[in-house]
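Report on the following structure.
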Amino acid sequence: MPTASPTLASLIVGPVQFDTPIWLILAPVLWALAIIIGRKSLSDLSGASRKAALVIRLIVIALLVAALAEPSTRDESKSVAVTVILDASRSVPIESRAAVDEYVELASQGDRREGDKLGHITAAKNALVQTLPSQRAEILERRSLGATDGTNLADAVQLGIATASQDAAQRFVLASDGNETEGDLLRAAQAARAARIPIDVFPIEYIYESEVVVDRVDVPPVARLGETINLVVKVTATRPTSGRINILLNDQPLDLDPDSPAFGVERALTRGDNFLTVPVPVIDDGALRFEAVYEPTIGGSTTPVGDSIGENNRALGVTFVTGEGRVLVVRNADTEVDESALLVRAVRDAEISCTVVSTAEAPTDLAGFNAYDAVILVNQEAFGFSQTQQEAMRQYVHDAGGGLVMIGGDRAFGAGGWIGSPVEETLPIRLDPPSKRQLPRGALAIIVHSVEIPQGVFYGKQVANAAVDALSRLDFVGIIELNWQTGMDFALPMQLKGDGAAAKRAIERLTFGDMQNFDPSLQLALSGLQGVNAGQRHTIVISDGDPSLSRGILRQFAAAGITISAVGVNPHSRRDLRTLQDMATITGGRFYEVRNNQLATLPQIFTKEARTIKRSLIWEGDPFSPAVSSSTETLRGIGGVPPITGYVVTA
């Protein structure tokens, strides 16, 4: 097949082209070595045989070197295939396209050699092949242009590469005004360069002497029901003219001129930018879609006066209208005293609509949160919200502009496990303070027993990962298991979590041995937790409950103030169940019984239990009264607050 012009690194010898000719330098060197070596190795042969053997060696060397140089045959052609890519979008005047046709027709009748070809591709919203490169093509015929309300020149160049003639040199002629609305022409040009297809440019220049463009409609992004908003319509004209401007609200026309039977308003336009301000009362909630439409004056010949292109005579603007203000308060339903009562009363006294829900009743997606102007989380812990809900709250603040208030308490901020959550990204504070401001760290020991359930190893590793992920970088963590080779030991010695890489590696190596006695593992956990400086120490045990257990080790945990939470996965008997229950009851922890149909809840349980050590972020002591140190808009009207006896440490 014909090839394009060779690169500078190629070497052409007759009909053969070597793409990496540098390897050919080896030929004389290897020939010389073959001759020198052949003097000794071929000395036993007769004269004719020696010469024949040497010649064969030289030929083999030449073939090997030639193969390394990447040879290929060349089939040269002097014919040229020119593909004309014509911008046929609406922005290019018909007169300009006719000028391109005339130019191509004159060029095709000039010095055209036999075998030369001409093809034609149009570029509008989509690229279409009008004529494949052919010797018979002399004029640019166009059958269908498709949609003309866009320009995709990159698509046209790619189409030209795909349909290029294979028996002639390629060349593109791009006729366009350069105003592309889709695709990346420069990237497509790089692809043409890689295919060794040059692109000539025929710039289409034109001037619309009379044109009106509706540039934009400026409206407030949000509005309240009952208020009046101002729409500002920007219209640009190339010369003084006049026409009618209409405003559509959700596709229904607004009456801008009550004294006229028409809905729109007549407006004289000056050259340059013109602005029309329209006050609109907001009487409906939801999304309001405003569309400004310019109608040019029609002359005697039914031709628009002062305007050439009708497609750019429209522009859109959208306003989201909310009610008189709605606030969602999320409170805990399991507390003896309603922690949100005073807050809800204050909000309602301000005549703001307030909806109060429990954690379980909170919205589950962005649409649910968007129904409110603000969401207030009253002492909420992260465990009560799924990852999807937390991500929806992040989008509610960052993308939808909603308001989020987090009210402190023993379940809020870092103490509530929000560290590293999507919601933390929306808060103006750091939930995991620097070490110099951190109170005593938390420490967690995880004891994993044989998980005798379907996919037990998978779930065992998943729950361990969930617990580690819930810790901050300054918390201690250790993992204990029975290894069949090394016996009972730390799979991960008690250490700071840091970036969590060491803990993740240890979890991947877990073998989940079937221990016979809980005491050795609990003794390791006790010594490990007592050996670190931590303000809150906790142990999580996952087991089926069949190992034996002595009450003495549990009393040691209770005396040291270290709690144990036991997760019973498919216990074999009531005795096994009681063993795990005693473990939690005596030490002040929690017990969870998980059956095979509840396995999906295991990671959530471990996440919740790991977050119990976040109580190290809670400071409690003698009351003190915070003082206002500076006057800001946020603190306007606040002169002081009641004495505080505790807070969650943040930065």
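Each chain in the structure tokens gets a letter, A, B, ..., in the order shown, and its residues are numbered from 1; ligands are numbered from 1 in order too.
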- [ ] From a DSSP pass on the backbone, collect the residues of range 404-548 of chain A flagged as strand (DSSP E) and hand them back as a PyMOL selection string.
- [x] chain A and resi 404-407+441-448+476-483+487-496+534-543
Open item on the list: For a quick check of understanding, using only C-alpha atoms, which of A:Thr236, A:Asn517, A:Thr83, A:Thr241 has the smallest distance to Pro304 in chain A?
Closed with: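 Closest candidate: A:Thr241.
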Open item on the list: Set the distance at 8 Å and use only C-alpha atoms: which residues neighbour Ala34 in chain A once local chain neighbours fewer than 3 positions away are removed? I'd like the list as a list in words.
Closed with: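 The neighbour list is Leu30, Trp31, Ile37, Gly38, Leu54, Arg57 and Leu58 of chain A.
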- [ ] Give me the residues within 8 Å of Val84 in chain A as a VMD selection string, counting only C-alpha atoms and dropping any in the same chain fewer than 4 places off.
- [x] chain A and resid 118 to 121 172 to 175
Open item on the list: Excluding Val641 in chain A and its own-chain neighbours fewer than 3 positions away, which residues fall within 9 Å of it when counting only C-alpha atoms? Please give them as a ChimeraX atom specification.
Closed with: /A:625-627,638,644
Store the residues of this selection in a file with N, CA and C atoms, as an mmCIF file, in the first residue's frame.
```
data_model
loop_
_atom_site.group_PDB
_atom_site.id
_atom_site.type_symbol
_atom_site.label_atom_id
_atom_site.label_comp_id
_atom_site.auth_asym_id
_atom_site.auth_seq_id
_atom_site.Cartn_x
_atom_site.Cartn_y
_atom_site.Cartn_z
ATOM 1 N N SER A 625 -16.862 30.812 81.932
ATOM 2 C CA SER A 625 -17.718 31.662 81.097
ATOM 3 C C SER A 625 -16.903 32.216 79.937
ATOM 4 N N PRO A 626 -17.185 31.777 78.702
ATOM 5 C CA PRO A 626 -16.480 32.336 77.539
ATOM 6 C C PRO A 626 -16.785 33.816 77.392
ATOM 7 N N ALA A 627 -15.794 34.588 76.938
ATOM 8 C CA ALA A 627 -15.966 36.028 76.744
ATOM 9 C C ALA A 627 -15.875 36.348 75.263
ATOM 10 N N ILE A 638 -25.024 39.128 70.550
ATOM 11 C CA ILE A 638 -24.640 38.175 71.598
ATOM 12 C C ILE A 638 -23.628 38.852 72.509
ATOM 13 N N ILE A 644 -20.075 27.258 80.995
ATOM 14 C CA ILE A 644 -19.943 25.983 80.288
ATOM 15 C C ILE A 644 -19.123 25.022 81.144
#
```
Task: Near-Glu481 in chain A list (7 Å; only C-alpha atoms; drop same-chain fewer than 2 positions) as a PyMOL selection string - done: chain A and resi 447-449+479+483+488-491+512-513
TODO: Tell me, as a list in words, which residues lie within 10 Å of Ala189 in chain A, counting only C-alpha atoms; anything in the same chain fewer than 5 positions away does not count.
DONE: Leu153, Ala154, Val157, Gln158, Asp184, Ala194, Ala195, Ile197, Pro198 and Ile199 of chain A
Open item on the list: Nearest residue to Gly409 in chain A out of A:Val201, A:Ile586, A:Leu617, A:Val104, using only C-alpha atoms?
Closed with: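 Ranking A:Val201, A:Ile586, A:Leu617, A:Val104 by distance to Gly409 in chain A, first place goes to A:Leu617.
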Task: Nearest to Leu492 in chain A by atom-to-atom distance, counting only C-alpha atoms, from A:Ile298, A:Leu510, A:Val318, A:Leu549 - done: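 Looking only at the distances to Leu492 in chain A, the closest residue turns out to be A:Leu510.
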Task: helix (DSSP H, G or I) positions in range 64-240 of chain A, given as number ranges by chain - done: A: 64-68, 94-108, 153-162, 185-194
